[in-house]
Amino acid sequence: MCVYNRNMNFRVGNFISISSIAIVRSPSSNLCFRRSKTLLSSPPSTFPLRTMSQLSNSAPSAIASDAAPPPEPKKPWLVVGLGNPGKKYQGTRHNIGFEMVDAIAEAEGIPITSVSFKALLGKGCYGFIGDVPIMLAKPQTFMNSSGESVGAIAKYYKIPLKQVLVIFDDLDLPFARLKLLPKGGHGGHNGMKSIIDHFKGSRDFPRLRIGIGRPPGKMDPVNFVLRPFTKQEREELNFTFHDGVEALRILLLQGFDKSATFVNSAKPMEQLG
């Protein structure tokens with residue numbers, strides 16, 4: 001027997017390898033030599049040119065080619081907290097959306113240091129909760145123009161509206177209470193009104209409302225929402241932020257219904273103890 005190698009040398013062996021395939025031949029080396037020359041000079045058009053390693057791996061390759069394609073990467077969630085930029089508004093009731101996003105960022109280790117789309121964003125844009133990508137955003141357009149930022153982010157990253165969670169303050173909800181809804185109107189909130197306008201009138205996106213209570217007496221609501229929280233209120237809000245972070249985790253990993261049950265069935269602080 002003999003072997004034809006790619007360097008045009010012949011040597012005695014147990015098989016013939018023409019370019020890349022092995023063929024068993026007669027024990028006669030002369031006959032082997034003559035046949036190898038004939039095959040080389042005019043190989044059949046259907047003769048497969050494969051290396052031995054390709055031949056040994058051909059079956060697994062065929063199986064792999066028929067395997068199902070890998071799943072598409074998950075679309076990110078956009079989690080937006082509403083508020084007003086600047087030190088003047090830090091710690092005020094109207095900025096509680098900002099504070100909830102800050103609490104999420106701290107809990108999940110996502111620094112909010114990037115600036116884009118007129119918003120502060122989580123570093124590198126994406127963070128993760130479990131295996132779900134998440135974008136944290138704090139629009140810097142001032143409250144009444146929040147939609148300019150939120151609409152641009154959602155459009156650029158092609159985020160479905162059902163995966164845009166907006167967090168904002170609510171005068172009509174008892175203080176420190178959370179309420180998670182799948183959709184709805186703006187309820188007189190100018191930030192939400194702006195977002196709905198930039199979503200072309202669509203209200204079909206989830207929102208997490210945080211109660212800031214009603215203004216005392218005859219105080220103008222505009223003045224009330226710009227007031228800071230008291231020390232006692234701050235202590236109570238710590239529990240609210242904790243629940244908000246947990247609600248988001250449940251939302252992303254287990255779905256809206258379980259998260260809404262967790263949030264909306266929570267007892268007020270005065271009923272605990």
# chains A, B, ... in the order shown; residues from 1 in each chain; ligands from 1
>>> residues_around(residues="A:Leu120", least_positions_apart="3", cutoff="9 Å", atoms="only C-alpha atoms", output="NGL selection string")
:A and (112-117 or 136-140)
>>> write_last_selection(atoms="N, CA and C atoms", output="short mmCIF file (atom, residue, chain, number, x, y, z; two decimals), in the first residue's frame")
data_model
loop_
_atom_site.label_atom_id
_atom_site.label_comp_id
_atom_site.auth_asym_id
_atom_site.auth_seq_id
_atom_site.Cartn_x
_atom_site.Cartn_y
_atom_site.Cartn_z
N ILE A 112 -25.06 55.08 37.98
CA ILE A 112 -25.71 55.96 37.01
C ILE A 112 -24.75 57.12 36.73
N THR A 113 -23.92 56.91 35.72
CA THR A 113 -22.86 57.89 35.43
C THR A 113 -22.82 58.34 33.98
N SER A 114 -23.58 57.70 33.12
CA SER A 114 -23.57 58.07 31.70
C SER A 114 -24.61 59.15 31.43
N VAL A 115 -24.34 59.95 30.42
CA VAL A 115 -25.28 61.00 30.00
C VAL A 115 -25.57 60.83 28.51
N SER A 116 -26.82 60.63 28.18
CA SER A 116 -27.23 60.47 26.79
C SER A 116 -28.74 60.63 26.70
N PHE A 117 -29.22 61.05 25.53
CA PHE A 117 -30.65 61.23 25.31
C PHE A 117 -31.27 62.17 26.35
N LEU A 136 -31.47 51.91 33.30
CA LEU A 136 -31.99 52.85 34.28
C LEU A 136 -31.81 54.26 33.73
N ALA A 137 -32.86 55.08 33.84
CA ALA A 137 -32.79 56.43 33.28
C ALA A 137 -33.45 57.44 34.19
N LYS A 138 -32.81 58.61 34.27
CA LYS A 138 -33.37 59.76 35.00
C LYS A 138 -33.34 60.95 34.06
N PRO A 139 -34.45 61.22 33.37
CA PRO A 139 -34.48 62.33 32.42
C PRO A 139 -34.07 63.66 33.06
N GLN A 140 -33.28 64.43 32.32
CA GLN A 140 -32.78 65.72 32.82
C GLN A 140 -33.43 66.89 32.09
#
>>> residues_around(residues="A:Leu82", least_positions_apart="6", cutoff="12 Å", atoms="only C-alpha atoms", output="mmCIF file with all heavy atoms, in the first residue's frame")
data_model
loop_
_atom_site.group_PDB
_atom_site.id
_atom_site.type_symbol
_atom_site.label_atom_id
_atom_site.label_comp_id
_atom_site.auth_asym_id
_atom_site.auth_seq_id
_atom_site.Cartn_x
_atom_site.Cartn_y
_atom_site.Cartn_z
ATOM 1 N N TYR A 89 -33.998 70.815 43.602
ATOM 2 C CA TYR A 89 -35.115 69.878 43.691
ATOM 3 C C TYR A 89 -34.753 68.562 44.369
ATOM 4 O O TYR A 89 -35.620 67.695 44.520
ATOM 5 C CB TYR A 89 -35.647 69.591 42.282
ATOM 6 C CG TYR A 89 -36.132 70.828 41.559
ATOM 7 C CD1 TYR A 89 -35.333 71.446 40.598
ATOM 8 C CD2 TYR A 89 -37.362 71.391 41.859
ATOM 9 C CE1 TYR A 89 -35.763 72.591 39.942
ATOM 10 C CE2 TYR A 89 -37.799 72.538 41.213
ATOM 11 C CZ TYR A 89 -36.997 73.137 40.263
ATOM 12 O OH TYR A 89 -37.423 74.275 39.624
ATOM 13 N N THR A 92 -37.002 66.461 47.152
ATOM 14 C CA THR A 92 -38.396 66.913 47.178
ATOM 15 C C THR A 92 -39.337 65.773 46.775
ATOM 16 O O THR A 92 -38.920 64.761 46.202
ATOM 17 C CB THR A 92 -38.607 68.103 46.231
ATOM 18 O OG1 THR A 92 -38.320 67.694 44.875
ATOM 19 C CG2 THR A 92 -37.700 69.260 46.605
ATOM 20 N N ARG A 93 -40.601 65.954 47.059
ATOM 21 C CA ARG A 93 -41.589 64.912 46.786
ATOM 22 C C ARG A 93 -41.723 64.612 45.295
ATOM 23 O O ARG A 93 -41.930 63.462 44.906
ATOM 24 C CB ARG A 93 -42.946 65.344 47.362
ATOM 25 C CG ARG A 93 -42.900 65.520 48.865
ATOM 26 C CD ARG A 93 -44.142 66.192 49.437
ATOM 27 N NE ARG A 93 -43.913 66.520 50.836
ATOM 28 C CZ ARG A 93 -44.153 65.683 51.841
ATOM 29 N NH1 ARG A 93 -44.674 64.502 51.602
ATOM 30 N NH2 ARG A 93 -43.884 66.045 53.083
ATOM 31 N N HIS A 94 -41.580 65.639 44.487
ATOM 32 C CA HIS A 94 -41.732 65.463 43.050
ATOM 33 C C HIS A 94 -40.592 64.633 42.460
ATOM 34 O O HIS A 94 -40.706 64.143 41.332
ATOM 35 C CB HIS A 94 -41.781 66.831 42.373
ATOM 36 C CG HIS A 94 -42.732 66.921 41.231
ATOM 37 N ND1 HIS A 94 -43.820 66.086 41.065
ATOM 38 C CD2 HIS A 94 -42.768 67.769 40.155
ATOM 39 C CE1 HIS A 94 -44.475 66.426 39.965
ATOM 40 N NE2 HIS A 94 -43.856 67.425 39.391
ATOM 41 N N ASN A 95 -39.501 64.490 43.200
ATOM 42 C CA ASN A 95 -38.336 63.753 42.698
ATOM 43 C C ASN A 95 -38.234 62.343 43.243
ATOM 44 O O ASN A 95 -37.185 61.705 43.129
ATOM 45 C CB ASN A 95 -37.049 64.510 43.054
ATOM 46 C CG ASN A 95 -36.697 65.561 42.014
ATOM 47 O OD1 ASN A 95 -37.580 66.148 41.397
ATOM 48 N ND2 ASN A 95 -35.409 65.798 41.818
ATOM 49 N N ILE A 96 -39.298 61.836 43.784
ATOM 50 C CA ILE A 96 -39.227 60.510 44.390
ATOM 51 C C ILE A 96 -38.981 59.421 43.343
ATOM 52 O O ILE A 96 -38.438 58.355 43.646
ATOM 53 C CB ILE A 96 -40.505 60.217 45.211
ATOM 54 C CG1 ILE A 96 -40.232 59.098 46.204
ATOM 55 C CG2 ILE A 96 -41.692 59.896 44.302
ATOM 56 C CD1 ILE A 96 -41.318 58.921 47.250
ATOM 57 N N GLY A 97 -39.350 59.689 42.096
ATOM 58 C CA GLY A 97 -39.034 58.748 41.017
ATOM 59 C C GLY A 97 -37.532 58.605 40.830
ATOM 60 O O GLY A 97 -37.005 57.497 40.644
ATOM 61 N N PHE A 98 -36.819 59.735 40.876
ATOM 62 C CA PHE A 98 -35.358 59.709 40.826
ATOM 63 C C PHE A 98 -34.796 58.854 41.968
ATOM 64 O O PHE A 98 -33.881 58.050 41.774
ATOM 65 C CB PHE A 98 -34.797 61.127 40.957
ATOM 66 C CG PHE A 98 -34.751 61.924 39.679
ATOM 67 C CD1 PHE A 98 -35.309 61.454 38.509
ATOM 68 C CD2 PHE A 98 -34.137 63.166 39.655
ATOM 69 C CE1 PHE A 98 -35.274 62.194 37.333
ATOM 70 C CE2 PHE A 98 -34.081 63.916 38.494
ATOM 71 C CZ PHE A 98 -34.648 63.436 37.327
ATOM 72 N N GLU A 99 -35.345 59.058 43.155
ATOM 73 C CA GLU A 99 -34.814 58.370 44.328
ATOM 74 C C GLU A 99 -35.046 56.859 44.264
ATOM 75 O O GLU A 99 -34.208 56.079 44.719
ATOM 76 C CB GLU A 99 -35.416 58.951 45.599
ATOM 77 C CG GLU A 99 -35.005 60.397 45.868
ATOM 78 C CD GLU A 99 -35.304 60.838 47.290
ATOM 79 O OE1 GLU A 99 -35.077 60.044 48.227
ATOM 80 O OE2 GLU A 99 -35.768 61.981 47.469
ATOM 81 N N MET A 100 -36.168 56.452 43.700
ATOM 82 C CA MET A 100 -36.408 55.018 43.553
ATOM 83 C C MET A 100 -35.410 54.401 42.577
ATOM 84 O O MET A 100 -34.878 53.308 42.817
ATOM 85 C CB MET A 100 -37.839 54.753 43.078
ATOM 86 C CG MET A 100 -38.155 53.270 42.871
ATOM 87 S SD MET A 100 -38.042 52.286 44.398
ATOM 88 C CE MET A 100 -39.681 52.575 45.074
ATOM 89 N N VAL A 101 -35.132 55.104 41.485
ATOM 90 C CA VAL A 101 -34.142 54.594 40.532
ATOM 91 C C VAL A 101 -32.759 54.534 41.186
ATOM 92 O O VAL A 101 -31.991 53.598 40.960
ATOM 93 C CB VAL A 101 -34.127 55.451 39.251
ATOM 94 C CG1 VAL A 101 -32.893 55.149 38.398
ATOM 95 C CG2 VAL A 101 -35.379 55.192 38.425
ATOM 96 N N ASP A 102 -32.435 55.521 41.996
ATOM 97 C CA ASP A 102 -31.166 55.488 42.723
ATOM 98 C C ASP A 102 -31.097 54.273 43.649
ATOM 99 O O ASP A 102 -30.039 53.630 43.784
ATOM 100 C CB ASP A 102 -30.983 56.769 43.542
ATOM 101 C CG ASP A 102 -30.694 57.983 42.680
ATOM 102 O OD1 ASP A 102 -30.224 57.813 41.541
ATOM 103 O OD2 ASP A 102 -30.945 59.115 43.152
ATOM 104 N N ALA A 119 -30.591 62.436 29.425
ATOM 105 C CA ALA A 119 -30.878 61.682 30.641
ATOM 106 C C ALA A 119 -29.589 61.165 31.269
ATOM 107 O O ALA A 119 -28.569 61.000 30.585
ATOM 108 C CB ALA A 119 -31.803 60.507 30.335
ATOM 109 N N LEU A 120 -29.639 60.925 32.563
ATOM 110 C CA LEU A 120 -28.593 60.172 33.238
ATOM 111 C C LEU A 120 -28.941 58.698 33.103
ATOM 112 O O LEU A 120 -30.070 58.281 33.399
ATOM 113 C CB LEU A 120 -28.526 60.555 34.716
ATOM 114 C CG LEU A 120 -28.030 61.971 35.032
ATOM 115 C CD1 LEU A 120 -28.152 62.248 36.530
ATOM 116 C CD2 LEU A 120 -26.587 62.160 34.575
ATOM 117 N N LEU A 136 -31.467 51.908 33.303
ATOM 118 C CA LEU A 136 -31.989 52.851 34.283
ATOM 119 C C LEU A 136 -31.812 54.259 33.733
ATOM 120 O O LEU A 136 -30.742 54.600 33.226
ATOM 121 C CB LEU A 136 -31.248 52.710 35.615
ATOM 122 C CG LEU A 136 -31.324 51.349 36.300
ATOM 123 C CD1 LEU A 136 -30.514 51.369 37.597
ATOM 124 C CD2 LEU A 136 -32.771 50.955 36.578
ATOM 125 N N ALA A 137 -32.858 55.076 33.841
ATOM 126 C CA ALA A 137 -32.794 56.425 33.276
ATOM 127 C C ALA A 137 -33.452 57.440 34.192
ATOM 128 O O ALA A 137 -34.497 57.176 34.786
ATOM 129 C CB ALA A 137 -33.470 56.450 31.900
ATOM 130 N N LYS A 138 -32.813 58.609 34.269
ATOM 131 C CA LYS A 138 -33.368 59.756 35.004
ATOM 132 C C LYS A 138 -33.342 60.948 34.057
ATOM 133 O O LYS A 138 -32.303 61.603 33.880
ATOM 134 C CB LYS A 138 -32.525 60.031 36.252
ATOM 135 C CG LYS A 138 -32.561 58.913 37.281
ATOM 136 C CD LYS A 138 -31.401 58.990 38.276
ATOM 137 C CE LYS A 138 -31.431 60.264 39.086
ATOM 138 N NZ LYS A 138 -30.333 60.307 40.101
ATOM 139 N N PRO A 139 -34.447 61.223 33.374
ATOM 140 C CA PRO A 139 -34.482 62.333 32.415
ATOM 141 C C PRO A 139 -34.072 63.656 33.062
ATOM 142 O O PRO A 139 -34.476 63.960 34.187
ATOM 143 C CB PRO A 139 -35.944 62.364 31.962
ATOM 144 C CG PRO A 139 -36.443 60.976 32.200
ATOM 145 C CD PRO A 139 -35.739 60.506 33.432
ATOM 146 N N GLN A 140 -33.276 64.434 32.319
ATOM 147 C CA GLN A 140 -32.783 65.716 32.824
ATOM 148 C C GLN A 140 -33.434 66.894 32.089
ATOM 149 O O GLN A 140 -32.873 67.989 32.020
ATOM 150 C CB GLN A 140 -31.263 65.771 32.678
ATOM 151 C CG GLN A 140 -30.536 64.668 33.416
ATOM 152 C CD GLN A 140 -30.694 64.760 34.915
ATOM 153 O OE1 GLN A 140 -30.164 65.682 35.538
ATOM 154 N NE2 GLN A 140 -31.394 63.804 35.515
ATOM 155 N N THR A 141 -34.597 66.665 31.558
ATOM 156 C CA THR A 141 -35.290 67.676 30.749
ATOM 157 C C THR A 141 -36.212 68.562 31.576
ATOM 158 O O THR A 141 -36.887 69.423 31.018
ATOM 159 C CB THR A 141 -36.151 66.980 29.689
ATOM 160 O OG1 THR A 141 -37.036 66.055 30.350
ATOM 161 C CG2 THR A 141 -35.296 66.203 28.696
ATOM 162 N N PHE A 142 -36.279 68.329 32.859
ATOM 163 C CA PHE A 142 -37.311 68.843 33.747
ATOM 164 C C PHE A 142 -38.586 68.046 33.525
ATOM 165 O O PHE A 142 -38.842 67.517 32.444
ATOM 166 C CB PHE A 142 -37.535 70.342 33.586
ATOM 167 C CG PHE A 142 -36.420 71.163 34.182
ATOM 168 C CD1 PHE A 142 -35.368 71.603 33.394
ATOM 169 C CD2 PHE A 142 -36.412 71.454 35.539
ATOM 170 C CE1 PHE A 142 -34.323 72.328 33.945
ATOM 171 C CE2 PHE A 142 -35.379 72.176 36.108
ATOM 172 C CZ PHE A 142 -34.317 72.623 35.310
ATOM 173 N N MET A 143 -39.351 67.942 34.583
ATOM 174 C CA MET A 143 -40.485 67.036 34.645
ATOM 175 C C MET A 143 -41.426 67.155 33.453
ATOM 176 O O MET A 143 -41.787 66.157 32.822
ATOM 177 C CB MET A 143 -41.262 67.286 35.936
ATOM 178 C CG MET A 143 -42.465 66.370 36.131
ATOM 179 S SD MET A 143 -41.977 64.670 36.431
ATOM 180 C CE MET A 143 -41.546 64.749 38.179
ATOM 181 N N ASN A 144 -41.820 68.374 33.116
ATOM 182 C CA ASN A 144 -42.876 68.556 32.117
ATOM 183 C C ASN A 144 -42.464 68.167 30.702
ATOM 184 O O ASN A 144 -43.306 68.096 29.808
ATOM 185 C CB ASN A 144 -43.358 70.009 32.130
ATOM 186 C CG ASN A 144 -44.056 70.369 33.425
ATOM 187 O OD1 ASN A 144 -44.211 69.530 34.313
ATOM 188 N ND2 ASN A 144 -44.481 71.621 33.552
ATOM 189 N N SER A 145 -41.166 67.913 30.488
ATOM 190 C CA SER A 145 -40.693 67.515 29.156
ATOM 191 C C SER A 145 -40.043 66.136 29.182
ATOM 192 O O SER A 145 -39.242 65.796 28.299
ATOM 193 C CB SER A 145 -39.689 68.551 28.614
ATOM 194 O OG SER A 145 -40.278 69.834 28.522
ATOM 195 N N SER A 146 -40.410 65.326 30.144
ATOM 196 C CA SER A 146 -39.784 64.006 30.306
ATOM 197 C C SER A 146 -39.894 63.143 29.061
ATOM 198 O O SER A 146 -39.006 62.327 28.774
ATOM 199 C CB SER A 146 -40.424 63.270 31.490
ATOM 200 O OG SER A 146 -40.230 63.971 32.701
ATOM 201 N N GLY A 147 -40.961 63.292 28.327
ATOM 202 C CA GLY A 147 -41.175 62.464 27.140
ATOM 203 C C GLY A 147 -40.117 62.638 26.073
ATOM 204 O O GLY A 147 -39.861 61.708 25.290
ATOM 205 N N SER A 149 -36.949 62.783 26.433
ATOM 206 C CA SER A 149 -35.879 61.835 26.744
ATOM 207 C C SER A 149 -36.348 60.385 26.660
ATOM 208 O O SER A 149 -35.738 59.562 25.976
ATOM 209 C CB SER A 149 -35.341 62.115 28.153
ATOM 210 O OG SER A 149 -34.426 61.135 28.553
ATOM 211 N N VAL A 150 -37.446 60.087 27.310
ATOM 212 C CA VAL A 150 -37.940 58.703 27.370
ATOM 213 C C VAL A 150 -38.309 58.191 25.980
ATOM 214 O O VAL A 150 -37.959 57.060 25.604
ATOM 215 C CB VAL A 150 -39.148 58.600 28.313
ATOM 216 C CG1 VAL A 150 -39.674 57.163 28.357
ATOM 217 C CG2 VAL A 150 -38.779 59.070 29.710
ATOM 218 N N LEU A 165 -40.995 50.813 32.142
ATOM 219 C CA LEU A 165 -41.601 51.057 33.453
ATOM 220 C C LEU A 165 -41.271 52.476 33.894
ATOM 221 O O LEU A 165 -40.097 52.841 34.010
ATOM 222 C CB LEU A 165 -41.072 50.057 34.481
ATOM 223 C CG LEU A 165 -41.557 50.268 35.925
ATOM 224 C CD1 LEU A 165 -43.059 49.991 36.028
ATOM 225 C CD2 LEU A 165 -40.775 49.390 36.895
ATOM 226 N N VAL A 166 -42.302 53.268 34.143
ATOM 227 C CA VAL A 166 -42.112 54.649 34.578
ATOM 228 C C VAL A 166 -42.496 54.761 36.047
ATOM 229 O O VAL A 166 -43.578 54.324 36.451
ATOM 230 C CB VAL A 166 -42.956 55.619 33.730
ATOM 231 C CG1 VAL A 166 -42.710 57.061 34.174
ATOM 232 C CG2 VAL A 166 -42.609 55.469 32.250
ATOM 233 N N ILE A 167 -41.611 55.351 36.836
ATOM 234 C CA ILE A 167 -41.816 55.496 38.276
ATOM 235 C C ILE A 167 -41.991 56.980 38.592
ATOM 236 O O ILE A 167 -41.155 57.807 38.204
ATOM 237 C CB ILE A 167 -40.614 54.931 39.061
ATOM 238 C CG1 ILE A 167 -40.340 53.480 38.634
ATOM 239 C CG2 ILE A 167 -40.855 55.021 40.560
ATOM 240 C CD1 ILE A 167 -39.058 52.907 39.209
ATOM 241 N N PHE A 168 -43.075 57.322 39.304
ATOM 242 C CA PHE A 168 -43.349 58.738 39.552
ATOM 243 C C PHE A 168 -44.168 58.927 40.822
ATOM 244 O O PHE A 168 -44.743 57.981 41.371
ATOM 245 C CB PHE A 168 -44.067 59.368 38.355
ATOM 246 C CG PHE A 168 -45.423 58.780 38.059
ATOM 247 C CD1 PHE A 168 -46.584 59.413 38.486
ATOM 248 C CD2 PHE A 168 -45.543 57.593 37.343
ATOM 249 C CE1 PHE A 168 -47.838 58.889 38.218
ATOM 250 C CE2 PHE A 168 -46.787 57.048 37.065
ATOM 251 C CZ PHE A 168 -47.936 57.702 37.501
ATOM 252 N N ASP A 169 -44.239 60.174 41.268
ATOM 253 C CA ASP A 169 -44.973 60.535 42.485
ATOM 254 C C ASP A 169 -46.464 60.653 42.206
ATOM 255 O O ASP A 169 -46.873 60.992 41.095
ATOM 256 C CB ASP A 169 -44.448 61.865 43.022
ATOM 257 C CG ASP A 169 -44.566 62.979 42.004
ATOM 258 O OD1 ASP A 169 -43.889 62.914 40.949
ATOM 259 O OD2 ASP A 169 -45.344 63.930 42.235
ATOM 260 N N ASP A 170 -47.256 60.361 43.229
ATOM 261 C CA ASP A 170 -48.711 60.416 43.057
ATOM 262 C C ASP A 170 -49.348 61.074 44.282
ATOM 263 O O ASP A 170 -49.256 60.560 45.401
ATOM 264 C CB ASP A 170 -49.262 58.994 42.866
ATOM 265 C CG ASP A 170 -50.703 58.997 42.390
ATOM 266 O OD1 ASP A 170 -51.440 59.957 42.692
ATOM 267 O OD2 ASP A 170 -51.097 58.028 41.713
ATOM 268 N N HIS A 189 -50.588 64.223 35.924
ATOM 269 C CA HIS A 189 -49.141 64.330 36.128
ATOM 270 C C HIS A 189 -48.491 64.770 34.815
ATOM 271 O O HIS A 189 -48.554 64.065 33.810
ATOM 272 C CB HIS A 189 -48.585 62.977 36.572
ATOM 273 C CG HIS A 189 -47.188 63.031 37.111
ATOM 274 N ND1 HIS A 189 -46.093 63.206 36.303
ATOM 275 C CD2 HIS A 189 -46.717 62.940 38.389
ATOM 276 C CE1 HIS A 189 -44.995 63.208 37.047
ATOM 277 N NE2 HIS A 189 -45.357 63.047 38.319
ATOM 278 N N ASN A 190 -47.849 65.930 34.824
ATOM 279 C CA ASN A 190 -47.309 66.494 33.585
ATOM 280 C C ASN A 190 -46.175 65.668 32.983
ATOM 281 O O ASN A 190 -46.003 65.635 31.758
ATOM 282 C CB ASN A 190 -46.837 67.928 33.826
ATOM 283 C CG ASN A 190 -47.990 68.889 34.025
ATOM 284 O OD1 ASN A 190 -49.087 68.685 33.489
ATOM 285 N ND2 ASN A 190 -47.776 69.932 34.823
ATOM 286 N N GLY A 191 -45.391 65.031 33.843
ATOM 287 C CA GLY A 191 -44.332 64.170 33.313
ATOM 288 C C GLY A 191 -44.902 62.998 32.546
ATOM 289 O O GLY A 191 -44.435 62.650 31.449
ATOM 290 N N MET A 192 -45.926 62.364 33.106
ATOM 291 C CA MET A 192 -46.573 61.250 32.422
ATOM 292 C C MET A 192 -47.282 61.712 31.156
ATOM 293 O O MET A 192 -47.283 61.006 30.138
ATOM 294 C CB MET A 192 -47.562 60.572 33.369
ATOM 295 C CG MET A 192 -46.900 59.771 34.471
ATOM 296 S SD MET A 192 -45.969 58.361 33.824
ATOM 297 C CE MET A 192 -47.321 57.299 33.311
ATOM 298 N N LYS A 193 -47.870 62.883 31.204
ATOM 299 C CA LYS A 193 -48.542 63.430 30.027
ATOM 300 C C LYS A 193 -47.549 63.600 28.880
ATOM 301 O O LYS A 193 -47.837 63.261 27.725
ATOM 302 C CB LYS A 193 -49.198 64.767 30.356
ATOM 303 C CG LYS A 193 -50.006 65.371 29.221
ATOM 304 C CD LYS A 193 -50.673 66.672 29.663
ATOM 305 C CE LYS A 193 -51.581 67.219 28.573
ATOM 306 N NZ LYS A 193 -50.845 67.509 27.321
ATOM 307 N N SER A 194 -46.367 64.100 29.191
ATOM 308 C CA SER A 194 -45.339 64.283 28.176
ATOM 309 C C SER A 194 -44.900 62.950 27.577
ATOM 310 O O SER A 194 -44.709 62.831 26.358
ATOM 311 C CB SER A 194 -44.133 65.004 28.783
ATOM 312 O OG SER A 194 -43.079 65.114 27.858
ATOM 313 N N ILE A 195 -44.751 61.933 28.420
ATOM 314 C CA ILE A 195 -44.338 60.624 27.922
ATOM 315 C C ILE A 195 -45.402 60.029 27.009
ATOM 316 O O ILE A 195 -45.093 59.499 25.934
ATOM 317 C CB ILE A 195 -44.043 59.682 29.111
ATOM 318 C CG1 ILE A 195 -42.790 60.155 29.847
ATOM 319 C CG2 ILE A 195 -43.865 58.244 28.629
ATOM 320 C CD1 ILE A 195 -42.506 59.409 31.128
ATOM 321 N N ARG A 207 -46.515 51.291 34.914
ATOM 322 C CA ARG A 207 -46.052 52.394 35.747
ATOM 323 C C ARG A 207 -46.139 52.018 37.219
ATOM 324 O O ARG A 207 -47.045 51.283 37.640
ATOM 325 C CB ARG A 207 -46.830 53.675 35.477
ATOM 326 C CG ARG A 207 -48.296 53.712 35.826
ATOM 327 C CD ARG A 207 -49.230 53.026 34.841
ATOM 328 N NE ARG A 207 -48.989 53.333 33.450
ATOM 329 C CZ ARG A 207 -49.513 54.386 32.806
ATOM 330 N NH1 ARG A 207 -50.275 55.221 33.476
ATOM 331 N NH2 ARG A 207 -49.289 54.553 31.523
ATOM 332 N N LEU A 208 -45.151 52.509 37.975
ATOM 333 C CA LEU A 208 -45.117 52.298 39.419
ATOM 334 C C LEU A 208 -45.322 53.655 40.087
ATOM 335 O O LEU A 208 -44.474 54.537 40.001
ATOM 336 C CB LEU A 208 -43.784 51.696 39.850
ATOM 337 C CG LEU A 208 -43.614 51.419 41.354
ATOM 338 C CD1 LEU A 208 -44.636 50.385 41.834
ATOM 339 C CD2 LEU A 208 -42.196 50.945 41.662
ATOM 340 N N ARG A 209 -46.469 53.795 40.724
ATOM 341 C CA ARG A 209 -46.805 55.050 41.394
ATOM 342 C C ARG A 209 -46.379 54.983 42.856
ATOM 343 O O ARG A 209 -46.544 53.965 43.515
ATOM 344 C CB ARG A 209 -48.307 55.298 41.299
ATOM 345 C CG ARG A 209 -48.818 55.463 39.872
ATOM 346 C CD ARG A 209 -50.312 55.219 39.758
ATOM 347 N NE ARG A 209 -51.087 55.964 40.754
ATOM 348 C CZ ARG A 209 -52.361 55.709 41.045
ATOM 349 N NH1 ARG A 209 -52.988 54.710 40.431
ATOM 350 N NH2 ARG A 209 -52.994 56.430 41.949
ATOM 351 N N ILE A 210 -45.844 56.094 43.346
ATOM 352 C CA ILE A 210 -45.420 56.173 44.743
ATOM 353 C C ILE A 210 -46.203 57.296 45.417
ATOM 354 O O ILE A 210 -46.134 58.460 44.997
ATOM 355 C CB ILE A 210 -43.916 56.461 44.866
ATOM 356 C CG1 ILE A 210 -43.105 55.441 44.054
ATOM 357 C CG2 ILE A 210 -43.489 56.439 46.331
ATOM 358 C CD1 ILE A 210 -41.615 55.714 44.059
#
>>> residues_around(residues="A:Leu248", least_positions_apart="4", cutoff="8 Å", atoms="only C-alpha atoms", output="tab-separated table (two decimals) with N, CA and C atoms, in the first residue's frame")
chain	number	residue	atom	x	y	z
A	244	GLY	N	-39.94	48.57	46.54
A	244	GLY	CA	-39.89	48.89	45.12
A	244	GLY	C	-38.82	48.11	44.39
A	252	LEU	N	-39.36	41.54	36.54
A	252	LEU	CA	-38.47	41.11	35.46
A	252	LEU	C	-38.28	39.60	35.41
A	259	SER	N	-45.68	40.45	40.39
A	259	SER	CA	-45.16	41.70	40.95
A	259	SER	C	-46.30	42.59	41.43
>>> select_by_dssp(residues="stretch 100-262 of chain A", states="alpha helix (DSSP H)", output="MDAnalysis selection string")
chainID A and resid 100:108 146:156 190:198 221:225 231:254 256:262
>>> residues_around(residues="A:Thr261", least_positions_apart="2", cutoff="12 Å", atoms="only C-alpha atoms", output="ChimeraX atom specification")
/A:178-181,247,250-251,254-259,263-267
>>> residues_around(residues="A:Phe128", least_positions_apart="3", cutoff="9 Å", atoms="only C-alpha atoms", output="JSON, numbers by chain")
{"A": [76, 108, 110, 131, 132, 133, 134, 135]}
>>> decode(residues="stretch 72-76 of chain A", atoms="N, CA, C and O atoms", output="PDB file, in the first residue's frame")
ATOM      1  N   GLU A  72     -32.828  34.204  20.709  1.00  0.00           N
ATOM      2  CA  GLU A  72     -32.452  35.600  20.534  1.00  0.00           C
ATOM      3  C   GLU A  72     -32.239  36.253  21.897  1.00  0.00           C
ATOM      4  O   GLU A  72     -32.884  35.896  22.877  1.00  0.00           O
ATOM      5  N   PRO A  73     -31.294  37.200  21.969  1.00  0.00           N
ATOM      6  CA  PRO A  73     -31.077  37.889  23.251  1.00  0.00           C
ATOM      7  C   PRO A  73     -32.329  38.626  23.688  1.00  0.00           C
ATOM      8  O   PRO A  73     -33.107  39.118  22.870  1.00  0.00           O
ATOM      9  N   LYS A  74     -32.532  38.693  25.006  1.00  0.00           N
ATOM     10  CA  LYS A  74     -33.727  39.325  25.533  1.00  0.00           C
ATOM     11  C   LYS A  74     -33.682  40.836  25.333  1.00  0.00           C
ATOM     12  O   LYS A  74     -32.632  41.453  25.420  1.00  0.00           O
ATOM     13  N   LYS A  75     -34.842  41.396  25.047  1.00  0.00           N
ATOM     14  CA  LYS A  75     -34.953  42.847  24.935  1.00  0.00           C
ATOM     15  C   LYS A  75     -34.787  43.470  26.319  1.00  0.00           C
ATOM     16  O   LYS A  75     -35.275  42.936  27.310  1.00  0.00           O
ATOM     17  N   PRO A  76     -34.102  44.593  26.396  1.00  0.00           N
ATOM     18  CA  PRO A  76     -33.922  45.212  27.705  1.00  0.00           C
ATOM     19  C   PRO A  76     -35.199  45.871  28.206  1.00  0.00           C
ATOM     20  O   PRO A  76     -36.079  46.238  27.426  1.00  0.00           O
TER      21      PRO A  76
END
